[in-house]
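Just work_22.txt here, compact mmCIF, C-alpha atoms:
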```txt
# COMPACT_ATOMS: atom_id res chain seq x y z
CA MET A 16 19.91 10.67 13.32
CA THR A 17 22.69 12.73 11.77
CA ARG A 18 24.61 10.20 9.68
CA THR A 19 24.57 10.61 5.92
CA PRO A 20 24.50 8.00 3.14
CA ASP A 21 27.76 7.03 1.53
CA HIS A 22 26.99 8.43 -1.90
CA PRO A 23 29.51 9.91 -4.34
CA ASP A 24 30.32 13.60 -4.58
CA ALA A 25 28.44 14.64 -1.45
CA ASP A 26 28.19 18.43 -1.34
CA PRO A 27 28.89 19.75 2.18
CA SER A 28 27.70 23.29 1.42
CA PRO A 29 24.58 24.01 3.50
CA ALA A 30 23.43 26.65 1.02
CA ALA A 31 23.57 24.46 -2.09
CA PRO A 32 20.03 23.96 -3.44
CA THR A 33 20.41 20.16 -3.38
CA SER A 34 20.88 20.31 0.40
CA LEU A 35 17.87 22.57 0.93
CA SER A 36 14.40 21.30 1.61
CA ALA A 37 11.68 21.70 -0.99
CA GLU A 38 10.10 24.42 1.14
CA GLU A 39 13.38 26.30 1.45
CA ILE A 40 13.99 26.12 -2.30
CA ALA A 41 10.49 27.37 -3.06
CA SER A 42 10.83 30.23 -0.59
CA ALA A 43 14.15 31.29 -2.14
CA VAL A 44 12.82 31.08 -5.71
CA ARG A 45 9.69 33.05 -4.82
CA SER A 46 11.82 35.75 -3.20
CA ARG A 47 14.18 35.62 -6.21
CA THR A 48 17.14 34.79 -4.00
CA LEU A 49 17.60 31.78 -6.24
CA ARG A 50 16.49 31.11 -9.79
CA ALA A 51 14.68 27.90 -10.63
CA VAL A 52 16.98 27.31 -13.61
CA ASP A 53 20.03 27.35 -11.33
CA VAL A 54 18.39 25.05 -8.78
CA VAL A 55 17.43 22.58 -11.49
CA ALA A 56 20.84 22.79 -13.21
CA GLU A 57 22.53 21.95 -9.91
CA ALA A 58 20.20 18.98 -9.38
CA LEU A 59 20.91 17.71 -12.89
CA ASP A 60 24.64 18.03 -12.30
CA ARG A 61 24.33 16.11 -9.05
CA ILE A 62 22.40 13.34 -10.81
CA GLU A 63 24.94 13.18 -13.62
CA ARG A 64 27.78 12.67 -11.13
CA ALA A 65 26.05 10.29 -8.69
CA ASP A 66 23.67 8.22 -10.77
CA PRO A 67 26.26 6.00 -12.51
CA VAL A 68 26.79 4.45 -9.06
CA LEU A 69 23.28 4.70 -7.59
CA SER A 70 21.23 4.04 -10.75
CA ALA A 71 18.24 5.84 -9.26
CA PHE A 72 16.85 7.08 -12.60
CA ILE A 73 15.48 5.34 -15.68
CA GLU A 74 15.48 8.58 -17.66
CA VAL A 75 16.76 12.11 -17.04
CA TRP A 76 14.98 14.93 -18.85
CA ALA A 77 17.67 17.62 -18.67
CA GLU A 78 16.66 19.81 -21.63
CA ASP A 79 12.97 19.71 -20.81
CA ALA A 80 13.62 20.32 -17.10
CA LEU A 81 15.71 23.43 -17.77
CA ARG A 82 13.03 24.74 -20.13
CA ARG A 83 10.32 24.18 -17.52
CA ALA A 84 12.49 25.80 -14.85
CA GLY A 85 12.74 28.87 -17.04
CA GLU A 86 8.96 28.91 -17.28
CA VAL A 87 8.73 28.78 -13.48
CA ASP A 88 11.07 31.77 -13.23
CA ALA A 89 8.90 33.64 -15.71
CA ARG A 90 5.77 32.81 -13.70
CA VAL A 91 7.42 34.08 -10.53
CA GLU A 92 8.51 37.27 -12.34
CA ALA A 93 4.92 37.72 -13.46
CA GLY A 94 3.77 37.69 -9.85
CA GLU A 95 2.50 34.10 -9.43
CA ARG A 96 2.86 32.79 -5.89
CA LEU A 97 3.80 29.18 -6.53
CA PRO A 98 3.82 26.99 -3.40
CA LEU A 99 6.65 24.77 -4.68
CA ALA A 100 8.39 27.15 -7.08
CA GLY A 101 11.50 25.67 -8.66
CA VAL A 102 11.60 22.45 -6.65
CA PRO A 103 13.30 19.67 -8.66
CA ILE A 104 11.49 16.37 -8.25
CA GLY A 105 11.78 12.80 -9.42
CA VAL A 106 8.65 11.00 -10.57
CA LYS A 107 8.20 7.27 -10.15
CA GLY A 108 8.63 5.44 -13.42
CA ARG A 109 8.07 6.55 -16.99
CA ARG A 110 4.38 7.14 -16.31
CA GLY A 111 5.00 9.22 -13.21
CA LEU A 112 4.18 12.52 -14.86
CA GLY A 113 0.57 11.38 -15.15
CA THR A 114 0.01 11.78 -11.42
CA ALA A 115 2.30 14.78 -10.86
CA GLY A 116 0.06 17.41 -12.48
CA PRO A 117 -0.79 19.33 -9.29
CA LEU A 118 2.89 19.38 -8.27
CA LEU A 119 3.97 20.77 -11.65
CA GLU A 120 1.22 23.38 -11.51
CA ALA A 121 2.52 24.37 -8.06
CA GLY A 122 5.97 25.05 -9.54
CA CYS A 123 7.82 21.74 -9.27
CA VAL A 124 10.13 20.74 -12.09
CA ALA A 125 10.36 17.04 -12.96
CA VAL A 126 14.00 16.19 -13.71
CA GLY A 127 13.52 12.52 -14.54
CA ALA A 128 11.78 9.19 -14.07
CA THR A 129 13.03 7.19 -11.11
CA SER A 130 13.75 3.47 -11.21
CA VAL A 131 11.21 0.73 -10.57
CA PRO A 132 11.54 -3.07 -10.63
CA GLY A 133 12.64 -4.34 -14.00
CA PRO A 134 11.59 -7.42 -15.95
CA GLY A 135 12.69 -10.89 -15.03
CA THR A 136 11.87 -11.00 -11.33
CA VAL A 137 8.70 -11.57 -9.37
CA TRP A 138 9.88 -9.61 -6.34
CA GLN A 139 9.34 -5.89 -6.13
CA THR A 140 11.93 -4.86 -3.53
CA TRP A 141 14.53 -3.56 -5.93
CA GLY A 142 14.88 -1.19 -8.87
CA LEU A 143 16.49 -1.26 -12.31
CA GLY A 144 17.80 2.09 -13.50
CA ARG A 145 19.65 3.22 -16.61
CA HIS A 146 23.01 2.10 -15.15
CA GLY A 147 21.89 -1.25 -13.71
CA PRO A 148 20.35 -2.35 -10.41
CA THR A 149 19.50 0.50 -8.05
CA VAL A 150 21.67 0.36 -4.94
CA ASN A 151 20.90 1.34 -1.36
CA PRO A 152 22.87 4.54 -0.69
CA TRP A 153 23.81 3.29 2.79
CA ARG A 154 25.17 -0.05 1.58
CA HIS A 155 25.58 -0.67 -2.10
CA ASP A 156 25.36 -4.44 -1.62
CA ARG A 157 21.77 -4.04 -0.39
CA THR A 158 18.60 -3.09 -2.22
CA PRO A 159 16.74 0.14 -1.47
CA GLY A 160 13.35 -1.56 -1.31
CA GLY A 161 10.57 -1.08 -3.78
CA SER A 162 8.78 -0.57 -5.84
CA SER A 163 9.46 3.18 -5.41
CA ALA A 164 13.15 2.27 -5.34
CA GLY A 165 14.70 5.09 -7.33
CA SER A 166 12.56 7.74 -5.69
CA ALA A 167 13.79 6.71 -2.24
CA VAL A 168 17.42 6.64 -3.35
CA ALA A 169 17.22 9.98 -5.18
CA VAL A 170 15.87 11.62 -2.02
CA ALA A 171 18.18 9.83 0.43
CA ALA A 172 21.26 10.72 -1.63
CA GLY A 173 20.23 14.39 -1.89
CA LEU A 174 19.73 14.37 -5.65
CA VAL A 175 16.24 15.86 -5.27
CA PRO A 176 14.37 16.90 -2.12
CA LEU A 177 11.09 15.23 -3.12
CA ALA A 178 10.07 12.31 -5.30
CA THR A 179 6.73 10.74 -6.01
CA GLY A 180 5.78 7.13 -5.44
CA ASN A 181 2.76 4.93 -5.16
CA ASP A 182 2.01 2.34 -2.54
CA GLY A 183 0.00 -0.81 -3.12
CA ALA A 184 1.53 -2.98 -0.39
CA GLY A 185 4.26 -0.81 1.13
CA SER A 186 5.96 0.46 -2.03
CA VAL A 187 6.54 3.93 -0.55
CA ARG A 188 6.99 3.03 3.11
CA ILE A 189 9.44 0.13 2.73
CA PRO A 190 12.00 1.97 0.57
CA ALA A 191 11.59 4.99 2.85
CA ALA A 192 12.46 2.80 5.83
CA TRP A 193 15.42 1.08 4.17
CA CYS A 194 16.85 4.34 2.77
CA GLY A 195 16.30 6.45 5.90
CA VAL A 196 13.79 8.98 4.54
CA VAL A 197 10.15 9.94 5.12
CA GLY A 198 7.51 8.05 3.14
CA LEU A 199 3.82 9.00 3.22
CA LYS A 200 1.04 6.73 1.95
CA VAL A 201 -2.20 8.68 1.81
CA GLY A 202 -5.49 7.06 2.71
CA ASN A 203 -7.24 5.02 0.03
CA GLY A 204 -9.63 7.13 -1.99
CA ARG A 205 -8.14 10.44 -0.84
CA LEU A 206 -6.37 11.05 -4.16
CA PRO A 207 -7.13 9.67 -7.63
CA SER A 208 -5.75 6.21 -8.46
CA SER A 209 -6.18 4.07 -11.55
CA ASP A 210 -5.57 0.79 -9.70
CA ARG A 211 -8.50 -1.55 -10.38
CA THR A 212 -8.19 -3.18 -6.96
CA GLY A 213 -8.16 0.07 -5.02
CA LEU A 214 -5.09 -1.10 -3.10
CA MET A 215 -2.55 1.24 -4.69
CA VAL A 216 -2.57 4.91 -3.74
CA PRO A 217 -0.24 7.87 -4.36
CA GLY A 218 2.53 8.74 -1.95
CA VAL A 219 5.69 10.78 -1.59
CA LEU A 220 9.26 10.41 -0.34
CA THR A 221 11.11 13.32 1.23
CA ARG A 222 13.95 14.07 3.62
CA ARG A 223 11.93 16.60 5.62
CA VAL A 224 8.47 16.11 7.06
CA GLY A 225 7.59 19.67 6.08
CA ASP A 226 8.11 18.74 2.44
CA ALA A 227 5.74 15.78 2.77
CA ALA A 228 3.22 18.17 4.31
CA ALA A 229 3.72 20.56 1.38
CA TYR A 230 3.06 17.67 -1.01
CA TRP A 231 -0.16 16.83 0.82
CA ARG A 232 -1.32 20.44 0.79
CA VAL A 233 -0.82 20.65 -2.97
CA MET A 234 -2.26 17.26 -3.85
CA SER A 235 -5.29 17.62 -1.57
CA GLY A 236 -6.06 21.09 -2.91
CA ASN A 237 -5.11 23.02 0.22
CA ALA A 238 -1.90 24.61 -1.03
CA THR A 239 -1.15 28.12 0.19
CA THR A 240 1.86 30.40 0.08
CA ALA A 241 1.39 31.67 3.61
CA GLY A 242 4.75 30.14 4.46
CA PRO A 243 6.16 26.77 5.41
CA GLY A 244 4.16 26.73 8.63
CA ALA A 245 0.83 26.54 6.84
CA GLY A 246 -1.54 23.76 7.86
CA SER A 247 -1.20 20.26 6.48
CA GLY A 248 -4.69 20.05 5.06
CA SER A 249 -6.96 17.07 5.16
CA ARG A 250 -9.72 17.30 2.58
CA THR A 251 -10.04 15.06 -0.43
CA GLY A 252 -8.61 16.63 -3.57
CA SER A 253 -10.10 16.25 -7.02
CA GLY A 254 -6.76 15.68 -8.70
CA SER A 255 -8.22 17.25 -11.84
CA ARG A 256 -5.49 19.83 -12.45
CA THR A 257 -2.87 19.17 -15.15
CA GLY A 258 -0.29 20.04 -15.45
CA SER A 259 17.95 36.06 -10.08
CA GLY A 260 20.09 34.45 -7.45
CA SER A 261 23.32 32.47 -7.79
CA MET A 262 24.16 29.01 -6.51
CA SER A 263 26.36 30.50 -3.79
CA ALA A 264 23.79 33.07 -2.72
CA SER A 265 22.98 33.24 0.95
CA VAL A 266 19.53 31.75 1.47
CA THR A 267 17.33 33.02 4.25
CA ALA A 268 14.52 30.51 4.53
CA SER A 269 11.45 30.51 6.70
CA ALA A 270 11.27 28.07 9.60
CA SER A 271 10.33 24.59 8.46
CA ALA A 272 6.82 23.26 8.82
CA SER A 273 8.14 20.39 10.92
CA ALA A 274 9.43 22.85 13.51
CA SER A 275 6.07 24.60 13.60
CA ILE A 276 4.04 21.46 14.07
CA SER A 277 6.49 20.11 16.63
CA THR A 278 5.99 23.28 18.62
CA SER A 279 2.21 22.99 18.35
CA ILE A 280 2.27 19.63 20.11
CA SER A 281 4.73 20.61 22.81
CA THR A 282 2.98 23.86 23.68
CA SER A 283 -0.59 22.63 23.51
CA GLY A 284 0.02 19.68 25.79
CA ASP A 285 -2.40 17.69 23.63
CA ARG A 286 -0.33 14.57 23.12
CA PRO A 287 -1.91 12.09 20.73
CA THR A 288 -2.33 8.64 22.22
CA ALA A 289 -0.56 5.77 20.49
CA VAL A 290 -0.43 1.99 20.72
CA TRP A 291 2.75 0.06 19.96
CA SER A 292 2.61 -3.28 18.17
CA PRO A 293 5.79 -5.10 17.12
CA ASP A 294 4.02 -7.62 14.90
CA LEU A 295 0.32 -6.72 14.38
CA GLY A 296 -0.49 -9.98 16.11
CA PHE A 297 0.60 -12.34 13.34
CA ASP A 298 4.14 -11.64 12.07
CA SER A 299 7.62 -12.48 13.42
CA PRO A 300 9.81 -9.47 12.63
CA ASP A 301 13.56 -9.54 13.27
CA PRO A 302 14.34 -8.68 16.92
CA ASP A 303 16.99 -6.12 15.91
CA VAL A 304 14.47 -4.25 13.75
CA VAL A 305 11.86 -4.32 16.50
CA ALA A 306 14.35 -3.03 19.06
CA VAL A 307 15.33 0.00 16.96
CA ALA A 308 11.73 0.93 16.12
CA HIS A 309 10.53 0.41 19.69
CA THR A 310 13.34 2.56 21.09
CA ALA A 311 12.29 5.35 18.71
CA ALA A 312 8.67 5.04 19.86
CA LEU A 313 9.76 5.26 23.50
CA ARG A 314 11.89 8.32 22.77
CA LEU A 315 8.92 10.06 21.18
CA ALA A 316 6.81 9.31 24.23
CA GLU A 317 9.54 10.55 26.58
CA ALA A 318 9.87 13.74 24.52
CA GLY A 319 6.13 14.42 24.72
CA ALA A 320 5.39 13.93 21.03
CA LEU A 321 2.82 11.24 21.85
CA ARG A 322 1.52 9.20 24.77
CA LEU A 323 1.88 5.43 24.61
CA THR A 324 -1.12 3.51 25.93
CA ARG A 325 -2.23 -0.11 26.10
CA PRO A 326 -5.43 -1.12 24.31
CA ARG A 327 -8.10 -3.00 26.24
CA THR A 328 -7.60 -5.90 23.84
CA PRO A 329 -4.19 -6.49 22.23
CA LEU A 330 -4.30 -5.88 18.50
CA ARG A 331 -4.33 -9.17 16.61
CA LEU A 332 -4.96 -8.74 12.91
CA HIS A 333 -5.37 -11.58 10.45
CA ASP A 334 -2.41 -11.96 8.12
CA PRO A 335 -3.52 -9.94 5.07
CA ALA A 336 -1.41 -11.96 2.63
CA PRO A 337 -4.17 -14.31 1.35
CA ALA A 338 -6.61 -11.45 0.80
CA TRP A 339 -4.08 -9.12 -0.82
CA LEU A 340 -2.73 -11.80 -3.13
CA ALA A 341 -6.24 -12.88 -4.14
CA LEU A 342 -7.20 -9.31 -5.05
CA ARG A 343 -4.06 -8.86 -7.14
CA THR A 344 -4.51 -12.09 -9.08
CA PRO A 345 -5.54 -11.14 -12.64
CA GLY A 346 -9.15 -12.02 -13.32
CA ALA A 347 -9.87 -12.99 -9.73
CA GLY A 348 -12.58 -11.22 -7.79
CA PRO A 349 -13.13 -10.92 -4.06
CA THR A 350 -13.33 -14.38 -2.49
CA PRO A 351 -14.90 -15.43 0.82
CA ASP A 352 -11.38 -15.31 2.29
CA VAL A 353 -10.95 -11.72 1.14
CA HIS A 354 -14.27 -10.67 2.71
CA ARG A 355 -13.53 -12.54 5.93
CA ILE A 356 -10.03 -11.13 6.43
CA ARG A 357 -11.02 -7.63 5.44
CA ALA A 358 -14.11 -7.55 7.66
CA ALA A 359 -12.25 -8.91 10.68
CA ASN A 360 -9.30 -6.55 10.32
CA ASP A 361 -11.52 -3.54 9.63
CA SER A 362 -13.49 -4.28 12.79
CA ARG A 363 -10.38 -4.66 14.92
CA LEU A 364 -8.78 -1.50 13.56
CA ALA A 365 -12.00 0.46 14.09
CA ALA A 366 -12.06 -0.72 17.69
CA LEU A 367 -8.41 0.26 18.14
CA PHE A 368 -8.85 3.75 16.70
CA SER A 369 -11.95 4.34 18.80
CA GLY A 370 -9.64 4.36 21.80
CA THR A 371 -6.36 5.72 20.43
CA ARG A 372 -5.23 8.01 17.65
CA LEU A 373 -2.10 6.26 16.39
CA LEU A 374 -0.74 2.78 15.83
CA LEU A 375 3.06 2.39 15.81
CA THR A 376 4.93 -0.56 14.29
CA PRO A 377 8.26 -1.25 12.60
CA THR A 378 7.83 -0.39 8.93
CA ALA A 379 9.53 -3.48 7.52
CA PRO A 380 10.06 -6.73 9.42
CA THR A 381 13.60 -7.22 8.09
CA PRO A 382 16.62 -5.15 7.17
CA PRO A 383 17.28 -4.57 3.47
CA HIS A 384 18.28 -7.73 1.67
CA GLY A 385 20.95 -8.24 -0.98
CA HIS A 386 20.43 -7.94 -4.71
CA GLU A 387 19.95 -11.70 -4.97
CA GLY A 388 16.42 -11.38 -3.61
CA PRO A 389 14.38 -11.42 -0.40
CA GLY A 390 14.21 -15.17 0.13
CA GLU A 391 11.01 -16.40 1.75
CA ARG A 392 10.29 -13.27 3.80
CA TYR A 393 7.63 -10.75 2.83
CA SER A 394 8.98 -7.26 3.46
CA THR A 395 5.35 -6.13 3.17
CA ALA A 396 4.23 -8.07 6.26
CA LEU A 397 3.63 -4.95 8.39
CA THR A 398 2.49 -2.55 5.65
CA TRP A 399 -0.01 -4.18 3.33
CA ALA A 400 -2.70 -4.58 5.97
CA PHE A 401 -3.23 -0.81 5.63
CA ASN A 402 -3.58 -0.99 1.86
CA LEU A 403 -6.41 -3.44 2.43
CA SER A 404 -7.98 -1.32 5.17
CA GLY A 405 -7.26 2.01 3.47
CA HIS A 406 -5.71 3.76 6.49
CA PRO A 407 -3.10 6.49 5.92
CA ALA A 408 0.40 5.64 7.12
CA ILE A 409 3.85 7.18 7.19
CA SER A 410 7.33 5.75 7.69
CA ILE A 411 9.91 7.89 9.46
CA PRO A 412 13.56 7.11 10.21
CA ALA A 413 13.96 5.39 13.58
CA GLY A 414 17.68 4.68 13.70
CA PHE A 415 20.11 2.08 12.40
CA GLY A 416 20.34 -1.68 12.65
CA PRO A 417 23.51 -3.67 13.33
CA ASP A 418 24.12 -3.88 9.57
CA GLY A 419 24.45 -0.09 9.33
CA CYS A 420 21.21 0.29 7.37
CA PRO A 421 18.29 2.49 8.44
CA VAL A 422 15.20 1.17 10.21
CA GLY A 423 11.78 2.77 9.82
CA LEU A 424 9.04 3.46 12.35
CA GLN A 425 5.54 3.26 10.84
CA LEU A 426 2.75 5.51 12.12
CA VAL A 427 -0.81 4.61 11.14
CA ALA A 428 -3.85 6.79 11.81
CA ALA A 429 -7.60 6.59 11.39
CA HIS A 430 -9.20 7.32 8.02
CA GLY A 431 -8.82 10.96 6.99
CA GLU A 432 -6.05 11.70 9.51
CA GLU A 433 -3.13 12.50 7.18
CA ALA A 434 -2.71 15.85 8.95
CA LEU A 435 -2.26 14.08 12.29
CA LEU A 436 0.41 11.79 10.84
CA LEU A 437 2.30 14.77 9.48
CA GLU A 438 1.94 16.65 12.75
CA VAL A 439 3.36 13.83 14.85
CA ALA A 440 6.04 13.02 12.27
CA GLY A 441 7.08 16.67 12.37
CA ALA A 442 7.42 16.48 16.14
CA ALA A 443 9.39 13.26 15.75
CA GLU A 444 11.78 14.96 13.36
CA GLY A 445 12.63 17.40 16.11
CA HIS A 446 13.45 14.59 18.55
CA LEU A 447 14.87 11.80 16.36
CA GLY A 448 16.36 13.92 13.56
CA PRO A 449 17.74 15.74 11.74
CA TRP A 450 17.31 13.12 9.05
```
Entire entry expressed as structure tokens:
Amino acid sequence: MTRTPDHPDADPSPAAPTSLSAEEIASAVRSRTLRAVDVVAEALDRIERADPVLSAFIEVWAEDALRRAGEVDARVEAGERLPLAGVPIGVKGRRGLGTAGPLLEAGCVAVGATSVPGPGTVWQTWGLGRHGPTVNPWRHDRTPGGSSAGSAVAVAAGLVPLATGNDGAGSVRIPAAWCGVVGLKVGNGRLPSSDRTGLMVPGVLTRRVGDAAAYWRVMSGNATTAGPGAGSGSRTGSGSRTGSGSMSASVTASASASASISTSISTSGDRPTAVWSPDLGFDSPDPDVVAVAHTAALRLAEAGALRLTRPRTPLRLHDPAPAWLALRTPGAGPTPDVHRIRAANDSRLAALFSGTRLLLTPTAPTPPHGHEGPGERYSTALTWAFNLSGHPAISIPAGFGPDGCPVGLQLVAAHGEEALLLEVAGAAEGHLGPW
């Protein structure tokens, strides 16, 4: 998928830091081919020019970001090997810095708070930034999805290579799908979360799978500086940490992690098995969305990234809507319905993953809607089951619908299998991308 969003002032230079991946930026800053202050200054300039149209940010912290970038350069000069040195990032909402401590300690520089849904609406599939409603960079008359709206737009438009999010029902995966980027929801309980229901977990949005893998390494406590090809990591992190080149310089970056993990699958011959489900047994997604996502799944199977199989019993989950909504109702505790739906779905997913390693679905059941609202359709229909069950999931770009907007393919894995998701997504990037 080589098309690019129609955002203002696109920079065609392949060496400009805003077009580099997070891993490439960090490698260049560590080697002093680029300075963090220059990388961050370029990102701030890009935001200043593009954000009046996109409205991806609530706040931009230019002065503080340049100061912190200078501190990163000083740390590099002092010999620190920072895994994400000088990488400009957006953080979801004004409170986003509270969960970004490990990323900042690893050398990231937060340039601003990205947009989230504003007051006055009950639906969460849009964002309200400092310049008005956040627009989808592919079609400005459509929303980017939510609630990690600004983070998805900032990444898709190339303003930053990585932005944080959180996902309580699909809030990372849906905007990733509708904006054509990668969105990882980690498994429930794998990283700290303050959500009283346990449904919402941290996540990340990136353009490159290798950058999502770098995020997971840092957040799970497995960060190294052995190079972009280092392993993805899979252990539970404590989350307790707090936290001279020119812009035209030629950047020689290490091979991306996605290339490395793609090679590992193709050379080992160990193709993970996967089951395709268009609807999880209860939904009625749009046929055009299903067709795009299914074609992507078939292409991955044909390329050897995975092996599609049929389960002994077709997957038929209960619609999670009643249970999810009951848990999110203030003051309400788990009801018999919640226990019944959760127990049934957990049992069926356990049976599925006892015989296969991956579940593939469309990420969202519809294309992005207009700014007037989603109507009667739940865009979360295919995502929030895995907030209830706690499984890790990732959305990757699958292609484009008839409306010209991106469609996402969702990969779900068994508990604790974030590394597998990143491995297969990296292989997919080699066959469906570049994204």
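Here the question is which of A:Ala121, A:Ala379, A:Val187, A:Ala442 gets nearest to Lys200 in chain A using only C-alpha atoms, and that residue is A:Val187.
Using only C-alpha atoms, the smallest distance between any of A:Asp418, A:Glu391, A:Asp66, A:Asp88 and Pro148 in chain A comes from A:Asp66.
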* To do: Point out the residue among A:Thr328, A:Thr129, A:Asn402, A:Ser362 with the least atom-to-atom distance to Pro217 in chain A, counting all atoms listed in the file.
  => A:Asn402
* To do: Using only C-alpha atoms, pick whichever of A:Arg211, A:Arg188, A:His430, A:Arg363 has the shortest atom-to-atom distance to Thr398 in chain A.
  => A:Arg188
* To do: Please identify all polymer residues within 8 Å of Ala51 in chain A, counting all atoms listed in the file, omitting same-chain residues fewer than 2 positions from it, and present them as a ChimeraX atom specification.
  => /A:44,49,53-55,84-85,87-88,100-102
Can you put N, CA and C atoms back into range 161-179 of chain A and show it as a PDB file, in the coordinates of the input?
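The resulting selection.pdb:
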```
ATOM      1  N   GLY A 161      11.347  -1.443  -2.616  1.00  0.00           N
ATOM      2  CA  GLY A 161      10.570  -1.080  -3.780  1.00  0.00           C
ATOM      3  C   GLY A 161       9.080  -1.094  -3.483  1.00  0.00           C
ATOM      4  N   SER A 162       8.299  -0.746  -4.479  1.00  0.00           N
ATOM      5  CA  SER A 162       8.780  -0.570  -5.840  1.00  0.00           C
ATOM      6  C   SER A 162       9.192   0.879  -6.146  1.00  0.00           C
ATOM      7  N   SER A 163       9.023   1.788  -5.202  1.00  0.00           N
ATOM      8  CA  SER A 163       9.460   3.180  -5.410  1.00  0.00           C
ATOM      9  C   SER A 163      10.940   3.293  -5.075  1.00  0.00           C
ATOM     10  N   ALA A 164      11.736   2.410  -5.700  1.00  0.00           N
ATOM     11  CA  ALA A 164      13.150   2.270  -5.340  1.00  0.00           C
ATOM     12  C   ALA A 164      13.946   3.529  -5.664  1.00  0.00           C
ATOM     13  N   GLY A 165      13.896   3.948  -6.925  1.00  0.00           N
ATOM     14  CA  GLY A 165      14.700   5.090  -7.330  1.00  0.00           C
ATOM     15  C   GLY A 165      14.296   6.376  -6.645  1.00  0.00           C
ATOM     16  N   SER A 166      13.009   6.531  -6.374  1.00  0.00           N
ATOM     17  CA  SER A 166      12.560   7.740  -5.690  1.00  0.00           C
ATOM     18  C   SER A 166      13.170   7.837  -4.296  1.00  0.00           C
ATOM     19  N   ALA A 167      13.207   6.709  -3.575  1.00  0.00           N
ATOM     20  CA  ALA A 167      13.790   6.710  -2.240  1.00  0.00           C
ATOM     21  C   ALA A 167      15.276   7.020  -2.288  1.00  0.00           C
ATOM     22  N   VAL A 168      15.982   6.431  -3.243  1.00  0.00           N
ATOM     23  CA  VAL A 168      17.420   6.640  -3.350  1.00  0.00           C
ATOM     24  C   VAL A 168      17.730   8.080  -3.760  1.00  0.00           C
ATOM     25  N   ALA A 169      16.981   8.610  -4.722  1.00  0.00           N
ATOM     26  CA  ALA A 169      17.220   9.980  -5.180  1.00  0.00           C
ATOM     27  C   ALA A 169      17.055  10.980  -4.035  1.00  0.00           C
ATOM     28  N   VAL A 170      16.088  10.730  -3.169  1.00  0.00           N
ATOM     29  CA  VAL A 170      15.870  11.620  -2.020  1.00  0.00           C
ATOM     30  C   VAL A 170      16.929  11.394  -0.957  1.00  0.00           C
ATOM     31  N   ALA A 171      17.201  10.129  -0.621  1.00  0.00           N
ATOM     32  CA  ALA A 171      18.180   9.830   0.430  1.00  0.00           C
ATOM     33  C   ALA A 171      19.562  10.350   0.081  1.00  0.00           C
ATOM     34  N   ALA A 172      19.933  10.288  -1.199  1.00  0.00           N
ATOM     35  CA  ALA A 172      21.260  10.720  -1.630  1.00  0.00           C
ATOM     36  C   ALA A 172      21.331  12.224  -1.891  1.00  0.00           C
ATOM     37  N   GLY A 173      20.216  12.942  -1.714  1.00  0.00           N
ATOM     38  CA  GLY A 173      20.230  14.390  -1.890  1.00  0.00           C
ATOM     39  C   GLY A 173      20.205  14.843  -3.324  1.00  0.00           C
ATOM     40  N   LEU A 174      19.806  13.958  -4.249  1.00  0.00           N
ATOM     41  CA  LEU A 174      19.730  14.370  -5.650  1.00  0.00           C
ATOM     42  C   LEU A 174      18.549  15.280  -5.897  1.00  0.00           C
ATOM     43  N   VAL A 175      17.430  15.001  -5.253  1.00  0.00           N
ATOM     44  CA  VAL A 175      16.240  15.860  -5.270  1.00  0.00           C
ATOM     45  C   VAL A 175      15.658  15.848  -3.859  1.00  0.00           C
ATOM     46  N   PRO A 176      14.943  16.893  -3.466  1.00  0.00           N
ATOM     47  CA  PRO A 176      14.370  16.900  -2.120  1.00  0.00           C
ATOM     48  C   PRO A 176      13.054  16.154  -1.999  1.00  0.00           C
ATOM     49  N   LEU A 177      12.422  15.838  -3.129  1.00  0.00           N
ATOM     50  CA  LEU A 177      11.090  15.230  -3.120  1.00  0.00           C
ATOM     51  C   LEU A 177      10.941  14.355  -4.346  1.00  0.00           C
ATOM     52  N   ALA A 178      10.345  13.189  -4.166  1.00  0.00           N
ATOM     53  CA  ALA A 178      10.070  12.310  -5.300  1.00  0.00           C
ATOM     54  C   ALA A 178       8.745  11.603  -5.064  1.00  0.00           C
ATOM     55  N   THR A 179       8.030  11.386  -6.138  1.00  0.00           N
ATOM     56  CA  THR A 179       6.730  10.740  -6.010  1.00  0.00           C
ATOM     57  C   THR A 179       6.878   9.219  -5.978  1.00  0.00           C
TER      58      THR A 179
END
```
